[in-house]
$ cat my_file21.csv   # CSV, C-alpha atoms
chain,number,residue,atom,x,y,z
D,221,MET,CA,18.8,18.9,7.1
D,222,ASN,CA,17.7,16.0,4.9
D,223,LEU,CA,13.9,16.2,4.9
D,224,PHE,CA,13.6,12.7,3.6
D,225,ALA,CA,16.1,10.8,5.8
D,226,LEU,CA,14.6,7.6,7.3
D,227,ASP,CA,17.7,6.4,9.1
D,228,GLY,CA,16.9,4.4,12.2
D,229,LYS,CA,13.3,3.8,11.1
D,230,THR,CA,11.8,0.3,10.6
D,231,ALA,CA,9.2,0.1,7.8
D,232,LEU,CA,6.8,-2.9,7.5
D,233,ILE,CA,5.4,-3.3,4.0
D,234,ILE,CA,2.5,-5.7,3.9
D,235,GLY,CA,2.1,-7.0,0.4
D,236,GLY,CA,5.7,-6.0,-0.3
D,237,SER,CA,6.5,-8.8,-2.7
D,238,GLY,CA,4.4,-7.3,-5.6
D,239,ALA,CA,5.7,-4.9,-8.1
D,240,LEU,CA,4.3,-1.8,-6.4
D,241,GLY,CA,5.3,-3.0,-2.9
D,242,GLN,CA,8.8,-3.7,-4.0
D,243,ALA,CA,9.2,-0.3,-5.6
D,244,ILE,CA,8.0,1.4,-2.4
D,245,ALA,CA,10.4,-0.9,-0.4
D,246,ASP,CA,13.3,0.2,-2.6
D,247,GLY,CA,12.4,3.9,-2.1
D,248,LEU,CA,12.2,3.6,1.7
D,249,ALA,CA,15.3,1.5,2.0
D,250,GLY,CA,17.2,4.0,-0.3
D,251,HIS,CA,16.5,6.7,2.3
D,252,GLY,CA,17.8,4.7,5.2
D,253,ALA,CA,14.9,2.6,6.5
D,254,ARG,CA,15.2,-1.0,7.6
D,255,VAL,CA,12.5,-2.8,5.6
D,256,ALA,CA,10.4,-5.8,6.7
D,257,ILE,CA,8.6,-7.4,3.8
D,258,ALA,CA,5.4,-9.4,4.6
D,259,ALA,CA,3.6,-11.6,2.2
D,260,ARG,CA,2.1,-15.0,1.7
D,261,ASN,CA,4.1,-16.4,-1.2
D,262,PRO,CA,7.5,-17.7,0.2
D,263,ALA,CA,9.3,-17.6,-3.2
D,264,LYS,CA,8.2,-14.1,-4.0
D,265,LEU,CA,8.9,-13.0,-0.5
D,266,GLN,CA,12.5,-14.3,-0.6
D,267,ALA,CA,13.1,-12.7,-4.0
D,268,ALA,CA,11.9,-9.3,-2.8
D,269,VAL,CA,14.2,-9.5,0.2
D,270,GLU,CA,17.2,-10.6,-1.9
D,271,ASN,CA,16.6,-7.7,-4.3
D,272,LEU,CA,16.8,-5.2,-1.4
D,273,GLU,CA,19.8,-6.8,0.2
D,274,GLN,CA,21.7,-6.8,-3.2
D,275,ALA,CA,21.1,-3.0,-3.2
D,276,GLY,CA,22.6,-2.7,0.2
D,277,ALA,CA,19.5,-2.5,2.3
D,278,VAL,CA,18.8,-4.1,5.6
D,279,SER,CA,15.7,-6.3,5.0
D,280,GLN,CA,13.9,-9.4,6.3
D,281,GLY,CA,11.0,-11.3,5.1
D,282,PHE,CA,8.0,-12.5,7.1
D,283,TYR,CA,4.9,-14.6,6.3
D,284,VAL,CA,1.5,-13.0,7.0
D,285,ASP,CA,-2.1,-13.8,6.2
D,286,THR,CA,-3.7,-10.3,6.3
D,287,THR,CA,-7.2,-11.7,6.8
D,288,SER,CA,-6.1,-13.2,10.2
D,289,ARG,CA,-5.7,-11.1,13.3
D,290,THR,CA,-3.6,-13.9,14.9
D,291,SER,CA,-1.3,-13.9,11.9
D,292,LEU,CA,-0.9,-10.1,12.1
D,293,VAL,CA,-0.2,-10.2,15.9
D,294,GLN,CA,2.5,-12.8,15.2
D,295,LEU,CA,3.9,-10.7,12.4
D,296,LEU,CA,4.1,-7.6,14.7
D,297,GLU,CA,6.0,-9.6,17.4
D,298,GLN,CA,8.4,-11.0,14.9
D,299,VAL,CA,9.2,-7.6,13.3
D,300,GLU,CA,9.6,-6.0,16.7
D,301,GLN,CA,12.1,-8.7,17.6
D,302,TRP,CA,14.0,-8.0,14.4
D,303,GLY,CA,13.7,-4.2,14.0
D,304,GLU,CA,12.8,-3.1,17.6
D,305,ARG,CA,9.6,-1.4,16.6
D,306,VAL,CA,7.5,-0.6,13.6
D,307,ASP,CA,7.7,3.1,12.7
D,308,ILE,CA,6.2,2.9,9.2
D,309,LEU,CA,3.4,0.6,8.0
D,310,VAL,CA,2.6,0.3,4.3
D,311,ASN,CA,-0.6,-1.6,3.5
D,312,CYS,CA,0.0,-2.7,-0.1
D,313,ALA,CA,-1.6,-6.1,-0.3
D,314,GLY,CA,-4.5,-6.5,-2.8
D,315,VAL,CA,-6.4,-8.6,-5.3
D,316,ASN,CA,-8.6,-7.7,-8.3
D,317,SER,CA,-11.1,-9.3,-10.6
D,318,LYS,CA,-12.9,-8.3,-13.8
D,319,THR,CA,-16.1,-10.4,-13.2
D,320,PRO,CA,-19.2,-8.5,-14.4
D,321,PHE,CA,-21.4,-7.3,-11.5
D,322,LEU,CA,-24.3,-9.7,-12.0
D,323,GLU,CA,-21.9,-12.6,-12.2
D,324,ILE,CA,-20.0,-11.9,-8.9
D,325,ASP,CA,-20.8,-14.6,-6.4
D,326,GLU,CA,-20.5,-14.1,-2.6
D,327,ALA,CA,-17.2,-16.0,-2.4
D,328,GLU,CA,-15.5,-13.7,-4.8
D,329,TRP,CA,-17.0,-10.6,-3.2
D,330,GLN,CA,-15.9,-11.8,0.2
D,331,GLY,CA,-12.4,-12.8,-0.9
D,332,ILE,CA,-11.6,-9.4,-2.5
D,333,MET,CA,-13.1,-7.4,0.4
D,334,ASP,CA,-11.1,-9.5,2.9
D,335,ALA,CA,-7.9,-9.0,1.0
D,336,ASN,CA,-8.3,-5.3,0.2
D,337,ALA,CA,-10.4,-3.9,3.0
D,338,LYS,CA,-10.4,-6.3,6.0
D,339,GLY,CA,-6.6,-6.7,5.7
D,340,VAL,CA,-6.2,-2.9,6.1
D,341,PHE,CA,-8.7,-2.8,8.9
D,342,LEU,CA,-6.9,-5.5,10.9
D,343,ALA,CA,-3.4,-4.2,10.2
D,344,CYS,CA,-4.4,-0.7,11.4
D,345,GLN,CA,-6.0,-2.2,14.5
D,346,VAL,CA,-3.0,-4.5,15.4
D,347,ILE,CA,-0.1,-2.4,14.2
D,348,GLY,CA,-1.7,1.0,14.4
D,349,GLY,CA,-2.7,0.2,18.0
D,350,ARG,CA,0.9,-0.6,18.9
D,351,MET,CA,2.0,2.7,17.3
D,352,LEU,CA,-0.4,4.6,19.5
D,353,SER,CA,0.9,2.8,22.6
D,354,GLN,CA,4.5,3.5,21.6
D,355,GLY,CA,3.7,7.2,21.1
D,356,GLY,CA,4.2,7.5,17.3
D,357,GLY,CA,4.1,6.0,13.9
D,358,ASN,CA,3.0,6.4,10.4
D,359,ILE,CA,0.6,4.4,8.2
D,360,ILE,CA,0.5,4.6,4.4
D,361,ASN,CA,-2.4,2.8,2.7
D,362,ILE,CA,-2.3,2.0,-1.0
D,363,SER,CA,-5.7,2.8,-2.6
D,364,SER,CA,-6.5,3.0,-6.3
D,365,VAL,CA,-7.9,5.4,-8.9
D,366,SER,CA,-10.9,3.1,-9.1
D,367,SER,CA,-11.9,4.2,-5.6
D,368,ASP,CA,-13.4,7.5,-6.7
D,369,PRO,CA,-14.9,7.5,-9.2
D,370,PRO,CA,-15.4,3.7,-9.5
D,371,LEU,CA,-14.2,2.2,-12.7
D,372,SER,CA,-16.3,-0.2,-14.8
D,373,LYS,CA,-15.5,-3.9,-14.8
D,374,VAL,CA,-13.9,-3.9,-11.3
D,375,PHE,CA,-16.9,-3.5,-9.0
D,376,THR,CA,-15.7,-5.3,-5.9
D,377,TYR,CA,-12.2,-3.9,-6.2
D,378,SER,CA,-13.5,-0.4,-6.5
D,379,ALA,CA,-15.8,-0.8,-3.5
D,380,SER,CA,-12.9,-2.2,-1.4
D,381,LYS,CA,-10.6,0.6,-2.3
D,382,ALA,CA,-13.3,3.2,-1.5
D,383,ALA,CA,-13.4,1.6,1.9
D,384,VAL,CA,-9.6,2.1,2.2
D,385,ASN,CA,-10.0,5.8,1.5
D,386,SER,CA,-12.7,6.1,4.1
D,387,MET,CA,-10.7,4.2,6.7
D,388,THR,CA,-7.6,6.4,6.0
D,389,GLN,CA,-9.5,9.6,6.7
D,390,PHE,CA,-11.4,8.2,9.7
D,391,LEU,CA,-8.2,6.9,11.3
D,392,ALA,CA,-6.3,10.1,10.6
D,393,GLN,CA,-8.8,11.7,13.0
D,394,GLU,CA,-8.8,8.9,15.5
D,395,PHE,CA,-5.0,8.3,15.7
D,396,ALA,CA,-4.0,12.0,15.7
D,397,PRO,CA,-1.8,13.6,16.8
D,398,SER,CA,0.8,10.8,17.4
D,399,VAL,CA,0.2,8.6,14.4
D,400,ARG,CA,-0.3,9.9,10.9
D,401,VAL,CA,-2.5,8.0,8.4
D,402,ASN,CA,-2.4,8.8,4.7
D,403,ALA,CA,-3.1,7.0,1.4
D,404,ILE,CA,-1.5,6.9,-2.0
D,405,ILE,CA,-3.9,6.6,-4.9
D,406,PRO,CA,-1.9,5.0,-7.8
D,407,GLY,CA,-3.1,5.3,-11.3
D,408,PHE,CA,-2.6,2.4,-13.7
D,409,PHE,CA,0.7,0.6,-13.1
D,410,PRO,CA,1.4,-2.8,-14.7
D,411,ALA,CA,1.2,-5.3,-11.8
D,412,GLU,CA,0.3,-9.0,-11.3
D,413,GLN,CA,-3.2,-8.3,-9.9
D,414,ASN,CA,-4.3,-6.3,-12.9
D,415,ARG,CA,-2.5,-8.1,-15.7
D,416,LYS,CA,-5.6,-9.9,-16.9
D,417,ILE,CA,-7.7,-6.8,-16.8
D,418,LEU,CA,-5.3,-4.5,-18.7
D,419,THR,CA,-6.0,-5.7,-22.2
D,420,GLU,CA,-4.5,-3.7,-25.1
D,421,GLU,CA,-7.9,-2.2,-25.8
D,422,ARG,CA,-8.3,-1.1,-22.1
D,423,ILE,CA,-4.8,0.3,-22.0
D,424,ARG,CA,-5.5,2.4,-25.0
D,425,ASP,CA,-8.7,3.7,-23.4
D,426,ILE,CA,-6.9,4.4,-20.1
D,427,CYS,CA,-4.1,6.3,-21.9
D,428,ARG,CA,-6.7,8.4,-23.8
D,429,HIS,CA,-8.2,9.4,-20.5
D,430,THR,CA,-4.8,10.1,-18.9
D,431,PRO,CA,-3.3,13.6,-19.5
D,432,MET,CA,0.2,12.1,-19.5
D,433,ALA,CA,-1.0,9.5,-22.0
D,434,ARG,CA,0.8,6.5,-20.6
D,435,LEU,CA,0.8,4.0,-17.8
D,436,GLY,CA,2.9,4.6,-14.7
D,437,GLU,CA,6.2,3.0,-13.8
D,438,ALA,CA,6.4,1.4,-10.4
D,439,GLN,CA,9.3,3.5,-9.2
D,440,GLU,CA,7.2,6.6,-9.7
D,441,LEU,CA,5.4,5.8,-6.5
D,442,GLN,CA,8.6,6.1,-4.5
D,443,GLY,CA,8.5,9.9,-4.1
D,444,ALA,CA,5.0,10.0,-2.6
D,445,ALA,CA,5.8,7.1,-0.3
D,446,VAL,CA,9.1,8.6,1.0
D,447,PHE,CA,7.5,12.0,1.5
D,448,LEU,CA,4.6,10.5,3.5
D,449,ALA,CA,7.0,8.3,5.5
D,450,SER,CA,9.2,11.2,6.6
D,451,ASP,CA,8.2,13.0,9.8
D,452,SER,CA,10.4,15.9,8.8
D,453,ALA,CA,8.9,16.4,5.3
D,454,ALA,CA,5.3,15.4,6.1
D,455,GLY,CA,4.9,15.9,9.8
D,456,PHE,CA,1.7,18.0,9.3
D,457,VAL,CA,0.2,15.7,6.7
D,458,THR,CA,-2.5,13.3,7.8
D,459,GLY,CA,-5.8,12.2,6.2
D,460,ALA,CA,-4.4,13.0,2.7
D,461,LEU,CA,-5.2,10.9,-0.4
D,462,ILE,CA,-2.3,11.6,-2.7
D,463,ARG,CA,-2.9,10.8,-6.4
D,464,VAL,CA,0.0,9.4,-8.4
D,465,ASP,CA,-2.0,8.8,-11.6
D,466,GLY,CA,-0.7,10.9,-14.5
D,467,GLY,CA,-3.7,13.2,-14.1
D,468,PHE,CA,-6.3,10.4,-14.6
D,469,GLY,CA,-8.4,11.6,-11.7
D,470,ALA,CA,-8.4,15.2,-13.0
D,471,MET,CA,-9.9,14.3,-16.4
D,472,THR,CA,-13.5,15.1,-17.4
D,473,ILE,CA,-15.2,14.3,-20.7

$ encode --input "my_file21.csv" --output "structure tokens"
Amino acid sequence: MNLFALDGKTALIIGGSGALGQAIADGLAGHGARVAIAARNPAKLQAAVENLEQAGAVSQGFYVDTTSRTSLVQLLEQVEQWGERVDILVNCAGVNSKTPFLEIDEAEWQGIMDANAKGVFLACQVIGGRMLSQGGGNIINISSVSSDPPLSKVFTYSASKAAVNSMTQFLAQEFAPSVRVNAIIPGFFPAEQNRKILTEERIRDICRHTPMARLGEAQELQGAAVFLASDSAAGFVTGALIRVDGGFGAMTI
């Protein structure tokens, strides 16, 4: 038996046009899943779908505003028309900022919390609710090493990702036994949202604190995502926060 086969499954990756989302999409598609990519930027969305199709995957792109319940309801209806039902939901959308704490205004706080925490909350209500009614499903939230312990210089981002961890474990209890809810905690991976924050000096500091002494490669998230997505491999796994961080979270001074 292939523990990691996802044939016949439809995966919806919200925020799937970014570097980490695309890598996860590639991994799920490579194990047989149909992959729906949802994002706000049409050009990036189309490029992500084309990359999957060129690799032989069955994929389709959909617009979504993750801060809008109405948009998420429309997304769910569209994906169900395309792929019959959503079996796997990956919440991968997110934004970041390096504004010092005392300089963060309410608009920036609200924007980051909306994108990173409210979006997960709404998606889990709308799509997780449908999974409960259909009798099964699987949610994978993408958190961050900054969620616990919080990192300096990214206050709002850290708070929003701590909320994602809490929601993951709360919903694992509430949605059991039919819907599994887990999170991946990536370490430092070069991506659009952290490009301005990962200066050369900060990268050196991060690598000194990382036992594997390097940043991650996006494709290194695929194994954790495929494992969690598989009911055969991870059927008894829910409420887990799986670190893929090169040992960053295990380091002490």

$ residues_around --input "my_file21.csv" --residues "D:Phe447" --least-positions-apart "3" --cutoff "10 Å" --atoms "only C-alpha atoms" --output "VMD selection string"
chain D and resid 223 to 225 248 442 to 444 450 to 455 457

$ residues_near_point --input "my_file21.csv" --point "(-7.7, 4.7, 6.2)" --cutoff "12 Å" --atoms "all atoms listed in the file" --output "ChimeraX atom specification"
/D:309-311,336-345,348,358-363,380-395,400-405,458-461

$ atom_distance --input "my_file21.csv" --atom1 "atom CA of D:Gly357" --atom2 "atom CA of D:Asp334"
24.3 Å

$ closest_residue --input "my_file21.csv" --among "D:Glu328, D:Glu421, D:Glu304, D:Glu440" --to "D:Lys229" --atoms "all atoms listed in the file"
D:Glu304

$ residues_around --input "my_file21.csv" --residues "D:Gly355" --least-positions-apart "2" --cutoff "10 Å" --atoms "only C-alpha atoms" --output "ChimeraX atom specification"
/D:349-353,357,397-399

$ closest_residue --input "my_file21.csv" --among "D:Ser279, D:Asp227, D:Val365, D:Glu300" --to "D:Ile462" --atoms "all atoms listed in the file"
D:Val365

$ closest_residue --input "my_file21.csv" --among "D:Ala327, D:Ile234, D:Ser378, D:Ala243" --to "D:Ala445" --atoms "all atoms listed in the file"
D:Ala243

$ atom_distance --input "my_file21.csv" --atom1 "atom CA of D:Gly235" --atom2 "atom CA of D:Glu420"
26.5 Å
